[in-house]
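S.K.: Have a look at this one.
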Amino acid sequence: MVGSRVKQEAEAATVRIGAALAIPTVLRSLGVDPAQVLAEVGIDIALFDDPDNWISFATRSRLLQHCVERTGCQHLGLLVGAQNDLHSLGLLGLLMKYSPDVGTALQRLVQHLHLHGRGGLTTLVVDDKKATLAFEIYVQRSVATDQIGDGAVAFMFKILRELCGPDWLPDAALFAHRRPADVGPYQSLLRVPLHFDAEQYALTFSARDLEGRLPNYDPALQRVLQQQIDTLEAGQAVDLPRQVRMVLGTALASGRANVDQVARLFSMHSRTLNRRLNAFGTSFRTLVDEARFEMARQMLEDSAMDVRQIALALGYAEASTFTRAFRRWAGITPVQWRENPGARARRSPGTGA
């Protein structure tokens with residue numbers, strides 16, 4: 001069943017501890033003992049001694065949720081993300097640092113971030129004069145998605161400041177959750193317009209910033225680093241359905257989720273993509289339905305968007321069409337899902353349940 005597969009993938013997804021390395025430091029700054037808080041969720045604080053240690057995506061999510069509950073700090077993820085920089089990305093951070101320009105560095109971030117874990121996807125979209133660097137969680141039924149998303153925005157902000165200069169500011173910061181009661185910490189860190197209830201976690205900025213030359217550009221060193229990255233890539237092959245799932249969330253949000261456009265991302269014809277997906281026992285249509293159901297569920301739970309807005313965000317021309325699809329997936333309407341958590345069916349597209 002699809003629901004069973006989703007659960008297995010969520011448990012199997014792992015992330016490098018590097019990006020979460022600041023959790024003990026943030027806990028101390030909030031007046032709690034990190035060793036005790038970590039022990040309460042079954043984690044030895046020694047895990048944070050080495051940034052190359054790994055943790056399951058599900059465990060990290062539960063840890064962040066528990067940290068928020070223990071400290072009462074609703075912007076804890078933002079604080080953790082703000083402690084990161086290129087160094088937190090290890091070998092990938094070095095490759096970015098020694099790239100020729102900002103655009104190349106960010107393209108390498110997009111291309112290789114999965115080496116630091118599976119569970120999220122970073123994209124860079126350039127549209128006319130605007131660039132959007134975005135992060136999307138693709139592990140379904142995750143907890144603390146708001147904390148992970150906030151941390152990603154803060155992390156992207158710190159990376160761009162390191163690449164573009166200490167005074168760099170984006171045009172806007174986007175958050176795919178409700179406006180918090182206290183936006184002060186967000187304003188203090190980012191100092192730009194904040195947009196909540198957005199379709200993704202992202203920073204928007206001038207496309208001209210991508211042309212900025214990097215002072216540490218070293219062609220010889222970047223060749224060596226790229227070779228090491230390529231070796232790591234060869235050891236982390238991902239099956240095709242999982243790769244398609246990784247890109248569908250962003251493709252849906254940007255209105256580019258038809259089979260021809262997605263197939264081009266994998267340098268193949270749409271017929272070839274469908275044939276290869278069929279060999280894995282699935283189809284493009286099934287994967288799109290799964291992605292839409294997950295995005296709809298998260299928007300209903302994490303944002304104040306109404307059904308019409310969610311329908312448009314998912315590519316439906318009419319709210320009624322979306323409602324019929326959602327009822328087919330979940331057994332209840334979107335409004336019932338949002339208003340009555342106890343009635344939510346444990347169901348995903350294609351389960352037949």
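Residues in the structure tokens are numbered from 1 in each chain, the chains being A, B, ... in the order shown, and ligands are numbered from 1 in the order shown.
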Where in region 81-276 of chain A does DSSP assign helix (DSSP H, G or I), given as an mmCIF file with C-alpha atoms, in the first residue's frame?

M.R.:
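What follows is the written file part_26.cif:
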```cif
data_model
loop_
_atom_site.group_PDB
_atom_site.id
_atom_site.type_symbol
_atom_site.label_atom_id
_atom_site.label_comp_id
_atom_site.auth_asym_id
_atom_site.auth_seq_id
_atom_site.Cartn_x
_atom_site.Cartn_y
_atom_site.Cartn_z
ATOM 1 C CA GLY A 81 19.348 27.727 11.127
ATOM 2 C CA LEU A 86 29.038 27.278 4.370
ATOM 3 C CA HIS A 87 31.267 25.406 6.814
ATOM 4 C CA SER A 88 28.182 23.515 8.006
ATOM 5 C CA LEU A 89 27.925 21.941 4.539
ATOM 6 C CA GLY A 90 31.349 20.338 4.734
ATOM 7 C CA LEU A 91 32.773 19.376 1.336
ATOM 8 C CA LEU A 92 29.815 20.931 -0.498
ATOM 9 C CA GLY A 93 30.359 24.207 1.345
ATOM 10 C CA LEU A 94 33.979 24.277 0.192
ATOM 11 C CA LEU A 95 32.946 23.605 -3.401
ATOM 12 C CA MET A 96 30.528 26.529 -3.194
ATOM 13 C CA LYS A 97 33.098 28.821 -1.577
ATOM 14 C CA VAL A 102 27.193 33.224 -6.744
ATOM 15 C CA GLY A 103 24.972 31.582 -9.357
ATOM 16 C CA THR A 104 27.334 28.647 -9.818
ATOM 17 C CA ALA A 105 27.649 28.202 -6.057
ATOM 18 C CA LEU A 106 23.870 28.056 -5.629
ATOM 19 C CA GLN A 107 23.458 25.653 -8.553
ATOM 20 C CA ARG A 108 25.904 23.340 -6.805
ATOM 21 C CA LEU A 109 23.898 23.646 -3.604
ATOM 22 C CA VAL A 110 20.753 22.623 -5.498
ATOM 23 C CA GLN A 111 22.509 19.781 -7.303
ATOM 24 C CA HIS A 112 24.321 18.220 -4.352
ATOM 25 C CA LEU A 113 22.389 19.069 -1.168
ATOM 26 C CA HIS A 114 20.896 15.563 -1.128
ATOM 27 C CA LEU A 115 24.361 14.349 -0.085
ATOM 28 C CA HIS A 116 23.557 15.930 3.288
ATOM 29 C CA THR A 145 7.780 21.175 9.454
ATOM 30 C CA ASP A 146 7.506 24.818 10.488
ATOM 31 C CA GLN A 147 10.738 24.550 12.510
ATOM 32 C CA ILE A 148 12.576 22.778 9.687
ATOM 33 C CA GLY A 149 11.322 25.332 7.156
ATOM 34 C CA ASP A 150 12.245 28.303 9.356
ATOM 35 C CA GLY A 151 15.694 26.817 9.839
ATOM 36 C CA ALA A 152 16.100 26.380 6.089
ATOM 37 C CA VAL A 153 15.209 30.031 5.394
ATOM 38 C CA ALA A 154 17.673 31.214 8.046
ATOM 39 C CA PHE A 155 20.341 28.857 6.679
ATOM 40 C CA MET A 156 19.816 30.082 3.094
ATOM 41 C CA PHE A 157 20.011 33.671 4.345
ATOM 42 C CA LYS A 158 23.347 33.028 6.067
ATOM 43 C CA ILE A 159 24.752 31.225 3.006
ATOM 44 C CA LEU A 160 23.778 34.080 0.682
ATOM 45 C CA ARG A 161 25.268 36.647 3.034
ATOM 46 C CA GLU A 162 28.518 34.686 3.043
ATOM 47 C CA LEU A 163 28.521 34.603 -0.763
ATOM 48 C CA CYS A 164 27.214 38.123 -1.482
ATOM 49 C CA GLY A 184 10.144 40.024 16.137
ATOM 50 C CA PRO A 185 12.816 37.298 15.814
ATOM 51 C CA TYR A 186 12.105 36.969 12.092
ATOM 52 C CA GLN A 187 12.298 40.722 11.559
ATOM 53 C CA SER A 188 15.466 40.990 13.643
ATOM 54 C CA LEU A 189 17.296 38.345 11.608
ATOM 55 C CA LEU A 190 16.043 39.064 8.079
ATOM 56 C CA ALA A 207 18.798 37.951 -10.303
ATOM 57 C CA ARG A 208 21.752 40.316 -10.692
ATOM 58 C CA ASP A 209 23.110 38.980 -7.400
ATOM 59 C CA LEU A 210 23.785 35.652 -9.128
ATOM 60 C CA GLU A 211 26.428 37.357 -11.301
ATOM 61 C CA PRO A 219 39.800 26.457 -10.528
ATOM 62 C CA ALA A 220 42.327 23.795 -9.481
ATOM 63 C CA LEU A 221 40.870 23.364 -6.013
ATOM 64 C CA GLN A 222 37.288 23.248 -7.244
ATOM 65 C CA ARG A 223 38.218 20.480 -9.710
ATOM 66 C CA VAL A 224 39.564 18.386 -6.842
ATOM 67 C CA LEU A 225 36.496 19.111 -4.706
ATOM 68 C CA GLN A 226 34.144 18.295 -7.609
ATOM 69 C CA GLN A 227 35.883 14.940 -8.097
ATOM 70 C CA GLN A 228 35.317 14.107 -4.434
ATOM 71 C CA ILE A 229 31.673 15.178 -4.673
ATOM 72 C CA ASP A 230 31.224 13.035 -7.804
ATOM 73 C CA THR A 231 32.607 10.033 -5.914
ATOM 74 C CA LEU A 232 30.054 10.589 -3.152
ATOM 75 C CA GLU A 233 27.287 10.974 -5.747
ATOM 76 C CA ALA A 234 28.198 7.621 -7.308
ATOM 77 C CA LEU A 240 13.671 6.973 -10.166
ATOM 78 C CA PRO A 241 10.296 7.201 -8.339
ATOM 79 C CA ARG A 242 12.006 8.780 -5.344
ATOM 80 C CA GLN A 243 13.821 11.255 -7.614
ATOM 81 C CA VAL A 244 10.520 12.232 -9.253
ATOM 82 C CA ARG A 245 8.896 12.678 -5.833
ATOM 83 C CA MET A 246 11.795 14.971 -4.877
ATOM 84 C CA VAL A 247 11.048 17.422 -7.693
ATOM 85 C CA LEU A 248 7.251 17.233 -7.875
ATOM 86 C CA GLY A 249 6.525 19.472 -4.892
ATOM 87 C CA THR A 250 8.434 22.390 -6.378
ATOM 88 C CA ALA A 251 7.156 21.591 -9.873
ATOM 89 C CA LEU A 252 3.561 21.764 -8.618
ATOM 90 C CA ALA A 253 4.178 25.043 -6.783
ATOM 91 C CA VAL A 259 4.914 14.922 -17.521
ATOM 92 C CA ASP A 260 6.806 16.517 -20.427
ATOM 93 C CA GLN A 261 8.369 19.208 -18.217
ATOM 94 C CA VAL A 262 9.347 16.775 -15.462
ATOM 95 C CA ALA A 263 10.740 14.279 -17.986
ATOM 96 C CA ARG A 264 13.009 17.002 -19.359
ATOM 97 C CA LEU A 265 14.548 17.386 -15.903
ATOM 98 C CA SER A 270 7.771 11.476 -21.324
ATOM 99 C CA ARG A 271 7.036 8.009 -22.733
ATOM 100 C CA THR A 272 10.393 6.804 -21.438
ATOM 101 C CA LEU A 273 9.720 8.296 -17.996
ATOM 102 C CA ASN A 274 6.347 6.573 -17.766
ATOM 103 C CA ARG A 275 7.773 3.281 -18.962
ATOM 104 C CA ARG A 276 10.545 3.361 -16.366
#
```

S.K.: Would you pick out the contacts of Asp44 (chain A) at 12 Å or less, using only C-alpha atoms, so that residues sharing its chain but fewer than 3 positions from it are not included, and give the list as a list in words?

M.R.: Pro24, Pro34, Ala35, Gln36, Val37, Leu38, Ala39, Glu40, Val41, Leu47, Phe48, Asp49, Asn53, Ile55 and Leu63 of chain A

S.K.: Can I get the selected residues back with N, CA and C atoms, as a PDB file, in the first residue's frame?

M.R.:
```pdb
ATOM      1  N   PRO A  24      22.231  21.975  20.565  1.00  0.00           N
ATOM      2  CA  PRO A  24      22.638  22.086  21.972  1.00  0.00           C
ATOM      3  C   PRO A  24      22.968  23.524  22.381  1.00  0.00           C
ATOM      4  N   PRO A  34      20.886  20.803  27.442  1.00  0.00           N
ATOM      5  CA  PRO A  34      20.708  20.059  26.194  1.00  0.00           C
ATOM      6  C   PRO A  34      20.841  18.549  26.363  1.00  0.00           C
ATOM      7  N   ALA A  35      21.743  18.113  27.235  1.00  0.00           N
ATOM      8  CA  ALA A  35      21.919  16.672  27.434  1.00  0.00           C
ATOM      9  C   ALA A  35      20.633  16.035  27.949  1.00  0.00           C
ATOM     10  N   GLN A  36      19.955  16.726  28.851  1.00  0.00           N
ATOM     11  CA  GLN A  36      18.714  16.194  29.405  1.00  0.00           C
ATOM     12  C   GLN A  36      17.605  16.175  28.355  1.00  0.00           C
ATOM     13  N   VAL A  37      17.475  17.276  27.594  1.00  0.00           N
ATOM     14  CA  VAL A  37      16.420  17.354  26.579  1.00  0.00           C
ATOM     15  C   VAL A  37      16.637  16.291  25.510  1.00  0.00           C
ATOM     16  N   LEU A  38      17.883  16.114  25.081  1.00  0.00           N
ATOM     17  CA  LEU A  38      18.175  15.101  24.066  1.00  0.00           C
ATOM     18  C   LEU A  38      17.907  13.703  24.595  1.00  0.00           C
ATOM     19  N   ALA A  39      18.261  13.464  25.848  1.00  0.00           N
ATOM     20  CA  ALA A  39      18.033  12.139  26.445  1.00  0.00           C
ATOM     21  C   ALA A  39      16.549  11.815  26.512  1.00  0.00           C
ATOM     22  N   GLU A  40      15.725  12.831  26.679  1.00  0.00           N
ATOM     23  CA  GLU A  40      14.272  12.616  26.771  1.00  0.00           C
ATOM     24  C   GLU A  40      13.673  12.059  25.479  1.00  0.00           C
ATOM     25  N   VAL A  41      14.381  12.258  24.364  1.00  0.00           N
ATOM     26  CA  VAL A  41      13.928  11.672  23.099  1.00  0.00           C
ATOM     27  C   VAL A  41      14.862  10.564  22.630  1.00  0.00           C
ATOM     28  N   LEU A  47      26.245  12.603  19.873  1.00  0.00           N
ATOM     29  CA  LEU A  47      25.946  12.602  18.443  1.00  0.00           C
ATOM     30  C   LEU A  47      26.337  13.924  17.811  1.00  0.00           C
ATOM     31  N   PHE A  48      26.281  15.011  18.601  1.00  0.00           N
ATOM     32  CA  PHE A  48      26.557  16.349  18.074  1.00  0.00           C
ATOM     33  C   PHE A  48      28.034  16.713  18.133  1.00  0.00           C
ATOM     34  N   ASP A  49      28.876  15.752  18.500  1.00  0.00           N
ATOM     35  CA  ASP A  49      30.316  16.016  18.540  1.00  0.00           C
ATOM     36  C   ASP A  49      30.941  16.034  17.155  1.00  0.00           C
ATOM     37  N   ASN A  53      28.138  12.927  11.610  1.00  0.00           N
ATOM     38  CA  ASN A  53      27.213  11.908  12.100  1.00  0.00           C
ATOM     39  C   ASN A  53      25.862  12.086  11.420  1.00  0.00           C
ATOM     40  N   ILE A  55      21.468  11.226  11.368  1.00  0.00           N
ATOM     41  CA  ILE A  55      20.275  11.003  12.185  1.00  0.00           C
ATOM     42  C   ILE A  55      19.095  10.831  11.244  1.00  0.00           C
ATOM     43  N   LEU A  63      12.785  15.567  17.534  1.00  0.00           N
ATOM     44  CA  LEU A  63      13.662  16.305  18.450  1.00  0.00           C
ATOM     45  C   LEU A  63      13.320  17.795  18.429  1.00  0.00           C
TER      46      LEU A  63
END
```

S.K.: Tell me, as a ChimeraX atom specification, which residues lie within 12 Å of Val68 (chain A), counting only C-alpha atoms; anything in the same chain fewer than 6 positions away does not count.

M.R.: /A:23,26-27,30,32,37,61-62,74-80,143-144,146-148

S.K.: Gly120 (chain A): which residues within 7 Å, counting only C-alpha atoms, same-chain residues fewer than 2 positions away excluded, as a list in words?

M.R.: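 The neighbour list is Arg118, Thr122, Phe135, Glu136, Ile137 and Tyr138 of chain A.
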
S.K.: Using only C-alpha atoms, which residues sit within 6 Å of Lys130 (chain A) once same-chain residues fewer than 2 positions away are excluded, as a PDB file with C-alpha atoms, in the first residue's frame?

M.R.:
```
ATOM      1  CA  VAL A 126      15.240  32.636 -12.075  1.00  0.00           C
ATOM      2  CA  ASP A 127      12.294  34.489 -13.598  1.00  0.00           C
ATOM      3  CA  ASP A 128      13.160  37.631 -15.518  1.00  0.00           C
ATOM      4  CA  PHE A 205      16.249  38.492  -4.474  1.00  0.00           C
ATOM      5  CA  SER A 206      17.581  40.273  -7.552  1.00  0.00           C
ATOM      6  CA  ALA A 207      18.798  37.951 -10.303  1.00  0.00           C
TER       7      ALA A 207
END
```

S.K.: Got a sec: who's within 10 Å of Ala313 (chain A), counting only C-alpha atoms, leaving out chain neighbours fewer than 3 positions off, as a ChimeraX atom specification?

M.R.: /A:198-199,252-255,292,295-296,299,305,307-310,316-317

S.K.: What would the file look like if the residues just selected were written as a PDB file, in the first residue's frame with C-alpha atoms?

M.R.:
```pdb
ATOM      1  CA  ALA A 198       3.228  31.155   1.360  1.00  0.00           C
ATOM      2  CA  GLU A 199       3.455  28.133  -0.914  1.00  0.00           C
ATOM      3  CA  LEU A 252       3.561  21.764  -8.618  1.00  0.00           C
ATOM      4  CA  ALA A 253       4.178  25.043  -6.783  1.00  0.00           C
ATOM      5  CA  SER A 254       5.657  26.616  -9.916  1.00  0.00           C
ATOM      6  CA  GLY A 255       3.002  25.241 -12.306  1.00  0.00           C
ATOM      7  CA  ARG A 292      -0.797  16.974  -4.377  1.00  0.00           C
ATOM      8  CA  MET A 295       0.943  19.454  -0.235  1.00  0.00           C
ATOM      9  CA  ALA A 296      -2.789  19.893   0.360  1.00  0.00           C
ATOM     10  CA  MET A 299      -1.353  23.619   3.577  1.00  0.00           C
ATOM     11  CA  MET A 305      -5.161  29.515   3.105  1.00  0.00           C
ATOM     12  CA  VAL A 307      -9.756  25.860  -0.077  1.00  0.00           C
ATOM     13  CA  ARG A 308      -9.920  28.011  -3.199  1.00  0.00           C
ATOM     14  CA  GLN A 309      -6.369  29.311  -2.659  1.00  0.00           C
ATOM     15  CA  ILE A 310      -5.031  25.808  -2.032  1.00  0.00           C
ATOM     16  CA  TYR A 316      -6.753  23.167 -10.084  1.00  0.00           C
ATOM     17  CA  ALA A 317      -8.892  25.650 -12.001  1.00  0.00           C
TER      18      ALA A 317
END
```

S.K.: What's the separation between CA of Asp50 (chain A) and CA of Asn216 (chain A), in Å to one decimal place?

M.R.: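 These atoms are spaced 26.3 Å apart.
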
S.K.: Calculate how many Å separate CA of Phe175 (chain A) from CA of Pro193 (chain A), rounding to one decimal.

M.R.: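 According to the coordinates, CA of Phe175 (chain A) and CA of Pro193 (chain A) are separated by 11.2 Å.
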